[in-house]
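Worksheet for the structure shown next.
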Amino acid sequence: MPPRLDERIPEMGFASMDLALEAFLTWVSDQGITLYPHQEEAILEVFTGNHVVLDAPTGSGKSLVAVALHFKTFCELGRTWYTAPIKALVSEKFFQLCGIFGPEHVGMMTGDGAVNRGAPIICCTAEILANLALREGADAKVDSVVMDEFHYYGDRDRGMAWQIPLLTLPKTTFLLMSATLGDTRAIREDLEARTARKVSEVRGVHRPVPLEFSYSTRPIHEALDLLVREGKAPVYVVHFTQAAATEQAQALTSVDYCTKEEKRAIVEAVKGFRFHSPFGPTVRRYVTHGIGLHHAGLLPRYRLLVERLAQQGLLKIICGTDTLGVGINVPIRTVLFTQLCKFDGQNVGILRVREFKQIAGRAGRAGYDTRGYVVAQAPEHVIENLKIDRIEDPKKRKRAVRAQPPTRGYKHWDDTTYAQLQERPPEALVSQFRVDHGRLLPMLQHALDTTGDARGGYEAMLALIEKIGRAHV
């Protein structure tokens, strides 16, 4: 546990932000951390008071820059917010910040409830802050905001939650972070014009752990067996439905990936853990085989167990969904994509470049690995047909029934598709603003609470729509 940052603040506070910056950099140095150039640049911009757009590879220390903004705001007696797309990541950051600033100074707000909601540092889902910004606008006590996984700005269903605070909190300092931002010029120019403050773009080009890509035409069980034997475990096997991840974990229990000593270590690590839910015995059977299961449909206690066992190096394979791409704390060496297409709620299509790079970027652990590995499986019917092509007897090869591609839930990919996903830049972030009841009601409610006239909320919504129009002319 690092020494607490709040204890570095003198009783009378700092006479200047230069002294606060010095205290923060001393705290960083005391932990034996050497800053990357992009971290140093971003931290200096934060203490200057500028907005910062930080586009840096996974594992290159964006979280430390976020801590710098929290510390600066804390020193100024302001209120700072951390937002993320999913509750699991919010919870993870909440506990991390409790260790750095003390639990009395950190709160958490999600759709499930709130902890210490009056704290000077709040961790919350993006929608929580968006609703607050809609209700209170410029009067909201939001002095600074860290928007993690800011590439969600372009998400079709949820992107508005990342956009609304930028439009409605003109006094707030923003730190926008992601590993796959792409071109943010329009967003930066609008934020600068709206707040009359400089927006600094910081890009990190150095990835601490380089990636090695390969395309597999082996059946998946053979591919996984080879990866484990080559010392490339733990492997995160990426699926795009919870059912597929569970089915894969079940299938892999028939293979011994762990030695007897490793299995004994797992049994010892889970001793005393209660697997009392209906699905608990199944989870226990998976983990004692060295196989983890990780997706949003699991009870949080089981997800945390898998994360803990992975951090202890006890799991060889983790079957999960693409939630890995939003920073879930599962340390892994290899990412294996079971497919390169997914259903997006409307159509089945090839993964977007941003989605692919977010997930692939989780391979390789800084401080543990010298290289991360990314593997994409060829389509199953292609793998089956390649086995037929390798039959030496021409007559047997001719009689063999060739596999056909799926008729549903499938978009063809191949090694060329895979290469394009690696080489292309992330797609541009596009506004997803739309008006619905969920956006209008908080504004009407706030107007009723403050003036007793709901028309004020309606007028506020019209003003917000006008801001959107100006931002995207």
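So you can find residues: chains in the structure tokens are A, B, ... in the order shown, residues in each start at 1, and ligands are numbered from 1 in order.
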Worksheet entry | Residues within 12 Å of A:Gln242, only C-alpha atoms, excluding chain neighbours under 2 positions, as an MDAnalysis selection string | chainID A and resid 237:240 244:249 293:298 319:323
Worksheet item: Within 6 Å of A:Lys316, counting only C-alpha atoms, which residues qualify if same-chain residues fewer than 6 places away don't, as a PyMOL selection string?
Response: chain A and resi 233-234+290
Fill in: Residues near A:Glu427, cut-off 8 Å, only C-alpha atoms, skip fewer than 5 positions along chain, as number ranges by chain
A: 182, 352-354
Discussion item. Nearest residue to A:Arg188 out of A:Val287, A:Val53, A:Ala419, A:Leu77, using only C-alpha atoms?
Written reply: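 The closest residue to A:Arg188 is A:Val53.
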Discussion item. What parts of stretch 70-170 of chain A does DSSP call helix (DSSP H, G or I)? I'd like the answer as a ChimeraX atom specification.
Written reply: /A:70-75,87-101,103-105,126-139,150-154,160-168
Item to complete: Enumerate as a ChimeraX atom specification all residues of stretch 179-286 of chain A assigned to strand (DSSP E or B) by DSSP on the backbone, naming them with the chain letters and numbers the document uses.
Response: /A:199-203,211-216,235-239
Save the residues we just selected, N, CA, C and O atoms, as a PDB file, in the first residue's frame?
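Done, and the output landed in out19.pdb:
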```
ATOM      1  N   VAL A 199      -6.893  23.532 -23.669  1.00  0.00           N
ATOM      2  CA  VAL A 199      -7.007  22.077 -23.636  1.00  0.00           C
ATOM      3  C   VAL A 199      -5.714  21.501 -24.205  1.00  0.00           C
ATOM      4  O   VAL A 199      -5.391  21.723 -25.376  1.00  0.00           O
ATOM      5  N   SER A 200      -4.970  20.794 -23.384  1.00  0.00           N
ATOM      6  CA  SER A 200      -3.683  20.234 -23.804  1.00  0.00           C
ATOM      7  C   SER A 200      -3.847  18.779 -24.213  1.00  0.00           C
ATOM      8  O   SER A 200      -4.394  17.974 -23.444  1.00  0.00           O
ATOM      9  N   GLU A 201      -3.403  18.448 -25.398  1.00  0.00           N
ATOM     10  CA  GLU A 201      -3.425  17.059 -25.843  1.00  0.00           C
ATOM     11  C   GLU A 201      -2.061  16.438 -25.566  1.00  0.00           C
ATOM     12  O   GLU A 201      -1.021  16.970 -25.977  1.00  0.00           O
ATOM     13  N   VAL A 202      -2.069  15.312 -24.850  1.00  0.00           N
ATOM     14  CA  VAL A 202      -0.832  14.594 -24.542  1.00  0.00           C
ATOM     15  C   VAL A 202      -0.962  13.186 -25.087  1.00  0.00           C
ATOM     16  O   VAL A 202      -1.901  12.462 -24.737  1.00  0.00           O
ATOM     17  N   ARG A 203      -0.034  12.799 -25.929  1.00  0.00           N
ATOM     18  CA  ARG A 203      -0.067  11.456 -26.511  1.00  0.00           C
ATOM     19  C   ARG A 203       1.177  10.685 -26.088  1.00  0.00           C
ATOM     20  O   ARG A 203       2.306  11.179 -26.219  1.00  0.00           O
ATOM     21  N   LEU A 211       3.584  -5.744 -28.050  1.00  0.00           N
ATOM     22  CA  LEU A 211       2.664  -6.834 -28.377  1.00  0.00           C
ATOM     23  C   LEU A 211       3.160  -7.634 -29.565  1.00  0.00           C
ATOM     24  O   LEU A 211       3.734  -7.081 -30.513  1.00  0.00           O
ATOM     25  N   GLU A 212       2.900  -8.928 -29.516  1.00  0.00           N
ATOM     26  CA  GLU A 212       3.199  -9.833 -30.637  1.00  0.00           C
ATOM     27  C   GLU A 212       1.883 -10.464 -31.091  1.00  0.00           C
ATOM     28  O   GLU A 212       1.166 -11.061 -30.289  1.00  0.00           O
ATOM     29  N   PHE A 213       1.554 -10.305 -32.384  1.00  0.00           N
ATOM     30  CA  PHE A 213       0.275 -10.771 -32.915  1.00  0.00           C
ATOM     31  C   PHE A 213       0.459 -12.053 -33.721  1.00  0.00           C
ATOM     32  O   PHE A 213       1.446 -12.217 -34.436  1.00  0.00           O
ATOM     33  N   SER A 214      -0.530 -12.959 -33.600  1.00  0.00           N
ATOM     34  CA  SER A 214      -0.509 -14.185 -34.406  1.00  0.00           C
ATOM     35  C   SER A 214      -1.940 -14.591 -34.735  1.00  0.00           C
ATOM     36  O   SER A 214      -2.887 -14.224 -34.039  1.00  0.00           O
ATOM     37  N   TYR A 215      -2.070 -15.341 -35.822  1.00  0.00           N
ATOM     38  CA  TYR A 215      -3.374 -15.790 -36.309  1.00  0.00           C
ATOM     39  C   TYR A 215      -3.386 -17.317 -36.247  1.00  0.00           C
ATOM     40  O   TYR A 215      -2.523 -17.982 -36.824  1.00  0.00           O
ATOM     41  N   SER A 216      -4.345 -17.873 -35.521  1.00  0.00           N
ATOM     42  CA  SER A 216      -4.355 -19.319 -35.255  1.00  0.00           C
ATOM     43  C   SER A 216      -5.358 -20.050 -36.133  1.00  0.00           C
ATOM     44  O   SER A 216      -6.532 -19.675 -36.193  1.00  0.00           O
ATOM     45  N   VAL A 235      -3.963 -16.751 -20.011  1.00  0.00           N
ATOM     46  CA  VAL A 235      -4.591 -16.397 -21.280  1.00  0.00           C
ATOM     47  C   VAL A 235      -6.027 -15.954 -21.003  1.00  0.00           C
ATOM     48  O   VAL A 235      -6.777 -16.661 -20.335  1.00  0.00           O
ATOM     49  N   TYR A 236      -6.396 -14.797 -21.519  1.00  0.00           N
ATOM     50  CA  TYR A 236      -7.785 -14.343 -21.437  1.00  0.00           C
ATOM     51  C   TYR A 236      -8.454 -14.680 -22.757  1.00  0.00           C
ATOM     52  O   TYR A 236      -8.046 -14.191 -23.815  1.00  0.00           O
ATOM     53  N   VAL A 237      -9.473 -15.540 -22.717  1.00  0.00           N
ATOM     54  CA  VAL A 237     -10.181 -15.980 -23.918  1.00  0.00           C
ATOM     55  C   VAL A 237     -11.419 -15.108 -24.082  1.00  0.00           C
ATOM     56  O   VAL A 237     -12.342 -15.163 -23.266  1.00  0.00           O
ATOM     57  N   VAL A 238     -11.436 -14.294 -25.138  1.00  0.00           N
ATOM     58  CA  VAL A 238     -12.462 -13.271 -25.313  1.00  0.00           C
ATOM     59  C   VAL A 238     -13.666 -13.826 -26.072  1.00  0.00           C
ATOM     60  O   VAL A 238     -13.528 -14.348 -27.191  1.00  0.00           O
ATOM     61  N   HIS A 239     -14.833 -13.717 -25.462  1.00  0.00           N
ATOM     62  CA  HIS A 239     -16.106 -14.053 -26.100  1.00  0.00           C
ATOM     63  C   HIS A 239     -16.982 -12.811 -26.096  1.00  0.00           C
ATOM     64  O   HIS A 239     -16.712 -11.849 -25.366  1.00  0.00           O
TER      65      HIS A 239
END
```
Worksheet item: How many Å separate atom CA of A:Gly349 from atom CA of A:Gly364?
Response: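 About the pair atom CA of A:Gly349 and atom CA of A:Gly364: they are 27.3 Å apart.
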Worksheet item: Given the choices A:Ile86, A:Ala140, A:Leu226, A:Leu305, which gets closest to A:Cys124 if the distance is worked out from only C-alpha atoms?
Response: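 Among A:Ile86, A:Ala140, A:Leu226, A:Leu305, it is A:Ile86 that comes nearest to A:Cys124.
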Discussion item. With only C-alpha atoms as the counted atoms, please give the residues lying no more than 10 Å from stretch 17-27 of chain A, apart from itself and same-chain residues fewer than 6 positions off, as a PyMOL selection string.
Written reply: chain A and resi 2-5+8-10+33-35+40+43-44+46-49+67-68+71-72+75-76
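Comparing A:Val335, A:Val142, A:Ala130, A:Ile317 by their smallest distance to A:Thr80, the closest is A:Val142 (using only C-alpha atoms).
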Item to complete: Considering only C-alpha atoms, state which residue in the set A:Gln358, A:Gln404, A:Ser178, A:Gln339 is at the smallest distance from A:Pro379.
Response: A:Gln339
